[in-house]
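Please read the structure below before turning to the comments.
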Amino acid sequence: MKRLNALIPLALLLMLHSCGGCGDDSTPPPPPPPPGSSDVLSISNAQSGEEIGLLVDGSFGSTTVNDSTYVSLDTDIELGEITGSGEAIIFNNRRAPVIRQNINWKSGRAVIAETMGNEILIPVTVWILHAPYTTNRANAIDWSLTTSMIWENERMGVAFEEYEIIDATNNPAAANYLNFTCSMRTNLKNDIGNKPNRINIYVVETVDGGVSRGQACAIGSDFVAMASQAGSELLSHEIGHNFGLLHTDTRSDFNRTNVMHSASNTRQYFTEGQVFRSHFNPSSALNDTYNARSGKPIRNCGHVQSDSQCPDIGKRIWEDGTFRPN
Ligand SMILES: [Zn+2]
């Protein structure tokens, strides 16, 4: 029995190591490499005990593959034999995703070393216009905790550095903005306050006439208005717009469990296509508000763009509820 127990974890590890191309229905699995010719991606600073996910481009035998999917607990990831030119996008918990560009996959075994980005820490200021302050302050904290949990679970690689909450209920101008629409945005910022180089969140009574709605008012903005009775997951949706993400309602490979569905109270998932765009799109607040990725690669990927430069918005390395890795 002792020997059997020792063999089971070894078999599991071997399965994880040899996951080249797994779950990718669009391309045939690559043939097993001859011994000693498998390429290796070696990650120097992955979080201990957290899976690494890869999207790899290159030629597997005679087939050129875009975004072949890998998952590994080992920081030295066996990829199989890859040739030609390509790249690798790397995801890990509490790390900013990175892209290793312009790889020349040589024939024979090559070991490519890569370092992940540190988790990006973003400061946020919350202005509470709608009384009672203590109740709505508690709501705002609840929204931030839910957003943090979703980011953590979905490997967004972003966390709040400082979640500052300001009592603006006694500001005489607050009453003018309690029933918020986006036409009030500029005046609201001027009259109530606005801190530069961070996302500013304003808690009001209604947004677009709804007591539980929110508005970012633009894609890639640094502004959020939240009605005080909003569900705890709505803030992650509005900050998703700040990160440049659009609604996913019309796609059959998304449902209300995705954070970017426009009308839901069960938002919890981001695809890897969405996490990628949040970091690499130039209009994301991570780039144009926080300048958190200075000098790092940028990819201006459209919402429906799917090519060698941009993973599909519906690309998944890990399952999102009923939606399988693809
Ligand atoms: Zn929205």
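Each chain of the structure tokens is named A, B, ... in the order shown, its residues numbered from 1; ligands are numbered from 1 in display order.
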Can I get the residues close to ligand 1 as a PyMOL selection string, where close means within 8 Å and we count only C-alpha atoms and all ligand atoms? chain A and resi 214-216+237-238+241+246-247+260-263
Hey, what does DSSP flag as alpha helix (DSSP H) within stretch 81-304 of chain A? Can you give it to me as a PyMOL selection string? chain A and resi 133-153+185-192+234-242+272-280+285-288
Closest to A:Asn93 among A:Val304, A:Ala140, A:Val275, A:Ala168, using only C-alpha atoms? A:Val275
Please provide the set of residues having any atom within 8 Å of stretch 156-160 of chain A, restricted to only C-alpha atoms, with same-chain residues fewer than 3 positions apart removed, written as a count of residues only. 19
Tell me which protein, DNA and RNA residues are within 8 Å of A:Asp57, counting only C-alpha atoms, leaving out same-chain ones fewer than 2 positions away, and put them as a ChimeraX atom specification. /A:55,59,64-68,85-88,308
Could you tell me how far atom CA of A:Asn242 lies from atom CA of A:Cys301, in Å and to one decimal? 15.3 Å
For stretch 289-298 of chain A: contacts at 7 Å, only C-alpha atoms, fewer than 2 positions along chain excluded, given as number ranges by chain: A: 120, 197-198, 222, 280-282, 285-287, 300
Take the residues from that selection and write them out as a PDB file, in the first residue's frame, keeping N, CA and C atoms.
```pdb
ATOM      1  N   ILE A 120      -0.192  44.382  -9.115  1.00  0.00           N
ATOM      2  CA  ILE A 120      -0.295  45.841  -9.230  1.00  0.00           C
ATOM      3  C   ILE A 120      -1.214  46.353  -8.120  1.00  0.00           C
ATOM      4  N   ASN A 197      -4.777  60.605 -10.681  1.00  0.00           N
ATOM      5  CA  ASN A 197      -3.962  59.388 -10.780  1.00  0.00           C
ATOM      6  C   ASN A 197      -4.513  58.226  -9.961  1.00  0.00           C
ATOM      7  N   ARG A 198      -5.815  58.222  -9.757  1.00  0.00           N
ATOM      8  CA  ARG A 198      -6.463  57.108  -9.071  1.00  0.00           C
ATOM      9  C   ARG A 198      -7.909  57.040  -9.517  1.00  0.00           C
ATOM     10  N   ASP A 222     -11.509  56.802 -15.205  1.00  0.00           N
ATOM     11  CA  ASP A 222     -11.033  56.652 -13.818  1.00  0.00           C
ATOM     12  C   ASP A 222     -12.150  57.048 -12.865  1.00  0.00           C
ATOM     13  N   PHE A 280      -3.062  44.867 -20.840  1.00  0.00           N
ATOM     14  CA  PHE A 280      -2.275  45.205 -22.037  1.00  0.00           C
ATOM     15  C   PHE A 280      -2.909  46.290 -22.905  1.00  0.00           C
ATOM     16  N   ASN A 281      -4.222  46.548 -22.717  1.00  0.00           N
ATOM     17  CA  ASN A 281      -4.837  47.593 -23.540  1.00  0.00           C
ATOM     18  C   ASN A 281      -4.394  48.977 -23.072  1.00  0.00           C
ATOM     19  N   PRO A 282      -3.999  49.866 -24.005  1.00  0.00           N
ATOM     20  CA  PRO A 282      -3.494  51.183 -23.597  1.00  0.00           C
ATOM     21  C   PRO A 282      -4.527  52.022 -22.864  1.00  0.00           C
ATOM     22  N   ALA A 285      -7.188  51.723 -17.205  1.00  0.00           N
ATOM     23  CA  ALA A 285      -6.731  52.624 -16.133  1.00  0.00           C
ATOM     24  C   ALA A 285      -5.405  52.162 -15.538  1.00  0.00           C
ATOM     25  N   LEU A 286      -5.098  50.858 -15.646  1.00  0.00           N
ATOM     26  CA  LEU A 286      -3.794  50.394 -15.141  1.00  0.00           C
ATOM     27  C   LEU A 286      -2.666  51.085 -15.898  1.00  0.00           C
ATOM     28  N   ASN A 287      -2.932  51.432 -17.179  1.00  0.00           N
ATOM     29  CA  ASN A 287      -1.925  52.113 -17.993  1.00  0.00           C
ATOM     30  C   ASN A 287      -2.129  53.629 -18.003  1.00  0.00           C
ATOM     31  N   ASN A 300      -3.253  46.770 -28.270  1.00  0.00           N
ATOM     32  CA  ASN A 300      -4.554  47.415 -28.379  1.00  0.00           C
ATOM     33  C   ASN A 300      -5.553  46.426 -28.974  1.00  0.00           C
TER      34      ASN A 300
END
```
Quick check, in Å to one decimal: how far apart do atom CA of A:Cys217 and atom CA of A:Lys315 lie? 26.7 Å
Minimum-distance residue to A:Asp167, chosen among A:His130, A:Arg100, A:Arg251, A:Arg277 (using only C-alpha atoms):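 Closest residue, counting only C-alpha atoms: A:His130.
Residue nearest A:Ile239 within the list A:Ser278, A:Ser264, A:Asn255, A:Asn179: A:Ser278 [criterion: smallest interatomic distance, only C-alpha atoms].
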Length of the atom CA of A:Trp318 to atom CA of A:Ser221 vector [Å]: 28.5 Å
Which is closest to A:Gln274 among A:Asp312, A:Glu114, A:Asp288, A:Asp191, if we use only C-alpha atoms?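 Of A:Asp312, A:Glu114, A:Asp288, A:Asp191, the one nearest A:Gln274, counting only C-alpha atoms, is A:Asp312.
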For stretch 206-210 of chain A, find every residue with an atom within 10 Å (counting only C-alpha atoms), except residues of its own chain fewer than 4 positions away, and show them as number ranges by chain. A: 130, 177-182, 214-215, 225-230
